[in-house]
There are 2 protein chains.
Amino acid sequence: MNSQPHDHILKSHDEERRILLEEILRMGEIAASQLEAALDVVERRDGKAAERIIANDEEIDALELRVSHDAMKLALRGPLARDLREILAALRIASDIERIGDYASNIAKRSMALNLSPPLPHTRGLGSLGRLVVRQVRAVLQAYRDGDAMAAETIRADDAEIDAAYTGLFRELLTYMMEDPRVITPCTHLLFMAKNLERVGDHATNIAENIWFQEHGEGPMPPREKRDETSSAA
Amino acid sequence: MNSQPHDHILKSHDEERRILLEEILRMGEIAASQLEAALDVVERRDGKAAERIIANDEEIDALELRVSHDAMKLALRGPLARDLREILAALRIASDIERIGDYASNIAKRSMALNLSPPLPHTRGLGSLGRLVVRQVRAVLQAYRDGDAMAAETIRADDAEIDAAYTGLFRELLTYMMEDPRVITPCTHLLFMAKNLERVGDHATNIAENIWFQEHGEGPMPPREKRDETSSAA
């Protein structure tokens with residue numbers, strides 16, 4: 001009879017952990033969709049849709065607040081080490097997702113600026129980089145859902161592919177700018193958009209590292225390859 | 001006689017909190033110095049010094065690991081709400097400082113690429129933006145040391161000044177690129193360096209917000225002005 005209230009507390013704790021996980025996954029799904037939609041409005045030069053993406057970012061921000069609140073509530077119950085790792089990973093992952101949402105919003109914003117100049121054929125490379133990145137974000141969210149540290153490690157290694165694609169695109173855009181000074185301003189936006197995508201890849205990597213942390217504690221993951229090669233382009 | 005061991009535990013807990021604070025402040029000081037040094041090597045076109053700045057970034061990364069470790073140790077003692085807010089703020093602030101260090105390192109890296117083309121007169125604007133940003137980073141670290149939420153709020157409002165300076169510099173660099181296609185590649189580096197500085201300003205703002213959080217909990221700070229206007233430059 002004494003175990004009844006205890007079971008109830010445990011169940012409620014598990015329930016709250018489940019809700020926290022669902023909230024973060026929902027944030028992540030919205031951010032991934034925002035990113036896809038942002039890449040789409042670049043292609044379609046759709047200013048109205050871009051405005052909607054920017055407005056939607058508030059939803060991610062609101063969710064992050066709720067996640068923080070719920071994680072705090074859980075933390076205040078005096079959790080064990082594994083629980084606390086989950087809580088901290090949750091906070092950090094929420095923050096990474098919040099940034100991914102910001103980047104999606106920024107890409108949408110830049111697409112509106114791009115629409116003020118004549119159409120460019122140079123947005124195709126951005127789209128293909130973007131698809132790589134969206135795939136990466138989705139994969140890491142799945143690994144988070146599954147608590148799969150092995151998958152997280154693979155995803156983290158895959159970031160090298162994004163970095164290579166970004167470096168190629170960066171160099172390609174520079175040649176367009178050199179060939180025709182009239183495209184400098186729009187290509188500058190494309191450069192920053194490409195950079196935003198590369199940064200989203202880094203946030204996916206952060207999330208992968210937090211999954212590892214949650215499962216294994218602070219043990220180091222294997223070292224990974226260098227990120228962005230364009231910083232040293234001459 | 002019973003209070004003796006209790007006092008001892010409290011003292012040791014306070015002592016560990018003090019050590020955690022000192023570690024984060026040390027990280028912050030190194031990051032601020034790295035940033036200053038990075039701005040300096042742009043001006044002086046000093047590749048050797050740039051390499052040192054890049055290598056030094058490992059020290060910040062190592063400190064962040066230690067901060068995480070110490071914060072975890074503290075969190076596992078079953079702290080009260082205020083203690084836990086301190087711990088979470090510490091983790092987040094450490095992560096922001098880690099990013100500031102990365103940006104300093106990236107500016108140094110780009111300065112080496114810049115050194116491969118003839119000297120440009122356009123690095124002056126970057127220096128003056130950089131000084132604003134370094135001042136902001138130092139100010140927010142001081143507010144953290146003092147646990148001063150009022151100062152944090154002021155610092156957060158000051159980020160608008162950085163954003164205005166960054167926007168001006170961004171537009172100036174675009175005009176140089178349009179006037180002379182040969183400077184496109186180096187000016188692209190300058191654009192990204194300016195963007196890095198603007199991002200450092202955002203991380204300073206994050207730190208200010210975490211100081212507020214630590215002192216007042218999740219109560220909202222007043223809304224702040226928009227960040228980067230260059231995303232919509234046409």
# chains A, B, ... in the order shown; residues from 1 in each chain; ligands from 1
$ closest_atom_pairs --of "stretch 102-190 of chain A" --to "stretch 175-178 of chain B" --cutoff "10 Å" --atoms "only C-alpha atoms" --output "tab-separated table"
residue	atom	partner	partner_atom	distance
A:Met177	CA	B:Met177	CA	9.0
A:Met178	CA	B:Met177	CA	9.3
A:Asp180	CA	B:Met178	CA	9.4
A:Pro181	CA	B:Met178	CA	5.6
A:Arg182	CA	B:Met178	CA	7.5
A:Val183	CA	B:Met178	CA	9.2
A:Ile184	CA	B:Met178	CA	6.9
A:Thr185	CA	B:Met178	CA	8.6
$ closest_residue --among "A:Thr188, A:Ser95, A:Asn196, A:Asn106" --to "A:Gly130" --atoms "only C-alpha atoms"
A:Asn196
$ residues_around --residues "A:Ser128" --least-positions-apart "3" --cutoff "12 Å" --atoms "only C-alpha atoms" --output "list in words"
Glu36, Leu39, Asp40, Glu43, His122, Thr123, Arg124, Gly125, Arg131, Leu132, Val133, Val134, Arg135, Glu161, Ile162, Ala165, Tyr166, Gly168, Leu169, Ala194 and Leu197 of chain A
$ closest_residue --among "B:Ala108, B:Leu65, B:Ala139, B:Met193" --to "B:Asp46" --atoms "only C-alpha atoms"
B:Ala108
$ closest_residue --among "B:Asp148, B:Asp96, B:Glu215, B:Asp159" --to "chain A" --atoms "only C-alpha atoms"
B:Asp96
$ closest_residue --among "A:Leu35, A:Ile53, A:Ile211, A:Leu88" --to "chain B" --atoms "only C-alpha atoms"
A:Leu88
$ closest_residue --among "A:Arg145, A:Arg138, A:Arg82, A:Arg171" --to "A:Arg18" --atoms "only C-alpha atoms"
A:Arg145
$ atom_distance --atom1 "atom CA of B:Leu74" --atom2 "atom CA of A:Lys73"
17.4 Å
$ residues_around --residues "B:Arg92" --least-positions-apart "5" --cutoff "9 Å" --atoms "only C-alpha atoms" --output "ChimeraX atom specification"
/A:92 /B:87,97,206-207,210
$ residues_around --residues "A:Glu16" --least-positions-apart "3" --cutoff "8 Å" --atoms "only C-alpha atoms" --output "CSV table (one decimal) with all heavy atoms, in the first residue's frame"
chain,number,residue,atom,x,y,z
A,12,SER,N,4.6,10.0,-12.9
A,12,SER,CA,4.4,11.4,-13.2
A,12,SER,C,5.7,12.0,-13.7
A,12,SER,O,5.8,12.8,-14.6
A,12,SER,CB,3.8,12.1,-12.0
A,12,SER,OG,4.2,13.5,-12.0
A,13,HIS,N,6.8,11.6,-13.0
A,13,HIS,CA,8.2,12.0,-13.4
A,13,HIS,C,8.5,11.6,-14.9
A,13,HIS,O,8.9,12.4,-15.7
A,13,HIS,CB,9.2,11.5,-12.4
A,13,HIS,CG,10.6,12.1,-12.7
A,13,HIS,ND1,11.6,11.3,-13.1
A,13,HIS,CD2,11.1,13.3,-12.6
A,13,HIS,CE1,12.7,12.0,-13.2
A,13,HIS,NE2,12.4,13.2,-12.9
A,19,ILE,N,7.0,14.4,-22.0
A,19,ILE,CA,6.5,15.6,-22.5
A,19,ILE,C,7.6,16.5,-22.9
A,19,ILE,O,7.5,17.2,-24.0
A,19,ILE,CB,5.6,16.3,-21.4
A,19,ILE,CG1,4.3,15.5,-21.3
A,19,ILE,CG2,5.3,17.8,-21.8
A,19,ILE,CD1,3.4,15.9,-20.0
A,20,LEU,N,8.6,16.6,-22.1
A,20,LEU,CA,9.8,17.4,-22.4
A,20,LEU,C,10.4,17.0,-23.8
A,20,LEU,O,10.7,17.8,-24.7
A,20,LEU,CB,10.8,17.3,-21.3
A,20,LEU,CG,12.1,18.2,-21.4
A,20,LEU,CD1,11.7,19.7,-21.4
A,20,LEU,CD2,13.1,17.9,-20.3
A,70,ASP,N,10.1,23.6,-18.2
A,70,ASP,CA,9.8,22.2,-17.8
A,70,ASP,C,11.1,21.5,-17.4
A,70,ASP,O,11.0,20.7,-16.4
A,70,ASP,CB,9.2,21.4,-19.0
A,70,ASP,CG,7.8,21.9,-19.3
A,70,ASP,OD1,7.3,22.8,-18.6
A,70,ASP,OD2,7.2,21.4,-20.3
A,74,LEU,N,11.8,19.8,-13.7
A,74,LEU,CA,12.4,18.4,-13.5
A,74,LEU,C,13.6,18.5,-12.6
A,74,LEU,O,13.8,17.6,-11.7
A,74,LEU,CB,12.7,17.8,-14.8
A,74,LEU,CG,11.5,17.1,-15.5
A,74,LEU,CD1,11.9,16.8,-17.0
A,74,LEU,CD2,11.2,15.8,-14.8
$ residues_around --residues "A:Ala143" --least-positions-apart "6" --cutoff "8 Å" --atoms "only C-alpha atoms" --output "short mmCIF file (atom, residue, chain, number, x, y, z; two decimals) with N, CA, C and O atoms, in the first residue's frame"
data_model
loop_
_atom_site.label_atom_id
_atom_site.label_comp_id
_atom_site.auth_asym_id
_atom_site.auth_seq_id
_atom_site.Cartn_x
_atom_site.Cartn_y
_atom_site.Cartn_z
N ALA A 149 23.23 6.85 -29.50
CA ALA A 149 24.54 7.51 -29.51
C ALA A 149 25.39 7.08 -30.69
O ALA A 149 26.17 7.88 -31.22
N ALA A 151 24.26 6.32 -33.73
CA ALA A 151 23.76 7.11 -34.87
C ALA A 151 24.26 8.55 -34.77
O ALA A 151 24.65 9.15 -35.77
N ALA A 152 24.27 9.09 -33.55
CA ALA A 152 24.74 10.46 -33.35
C ALA A 152 26.19 10.61 -33.81
O ALA A 152 26.56 11.60 -34.44
N ALA A 208 24.12 16.22 -31.93
CA ALA A 208 24.67 14.86 -31.92
C ALA A 208 25.58 14.67 -30.69
O ALA A 208 25.54 13.65 -30.01
N ILE A 211 23.56 14.23 -27.59
CA ILE A 211 22.98 12.88 -27.49
C ILE A 211 24.03 11.93 -26.89
O ILE A 211 23.75 11.16 -25.99
#
$ residues_around --residues "B:Ala31" --least-positions-apart "3" --cutoff "6 Å" --atoms "only C-alpha atoms" --output "ChimeraX atom specification"
/B:28,34,101
$ write_last_selection --atoms "C-alpha atoms" --output "mmCIF file, in the first residue's frame"
data_model
loop_
_atom_site.group_PDB
_atom_site.id
_atom_site.type_symbol
_atom_site.label_atom_id
_atom_site.label_comp_id
_atom_site.auth_asym_id
_atom_site.auth_seq_id
_atom_site.Cartn_x
_atom_site.Cartn_y
_atom_site.Cartn_z
ATOM 1 C CA GLY B 28 35.958 34.982 -20.705
ATOM 2 C CA GLN B 34 41.943 36.399 -28.153
ATOM 3 C CA GLY B 101 36.710 32.234 -28.745
#
$ closest_residue --among "B:Ile155, B:Ala38, B:Leu116, B:Ala89" --to "B:His216" --atoms "only C-alpha atoms"
B:Ala89
$ atom_distance --atom1 "atom CA of B:Leu191" --atom2 "atom CA of A:Val41"
24.6 Å
$ atom_distance --atom1 "atom CA of B:Asp61" --atom2 "atom CA of A:Thr205"
15.9 Å
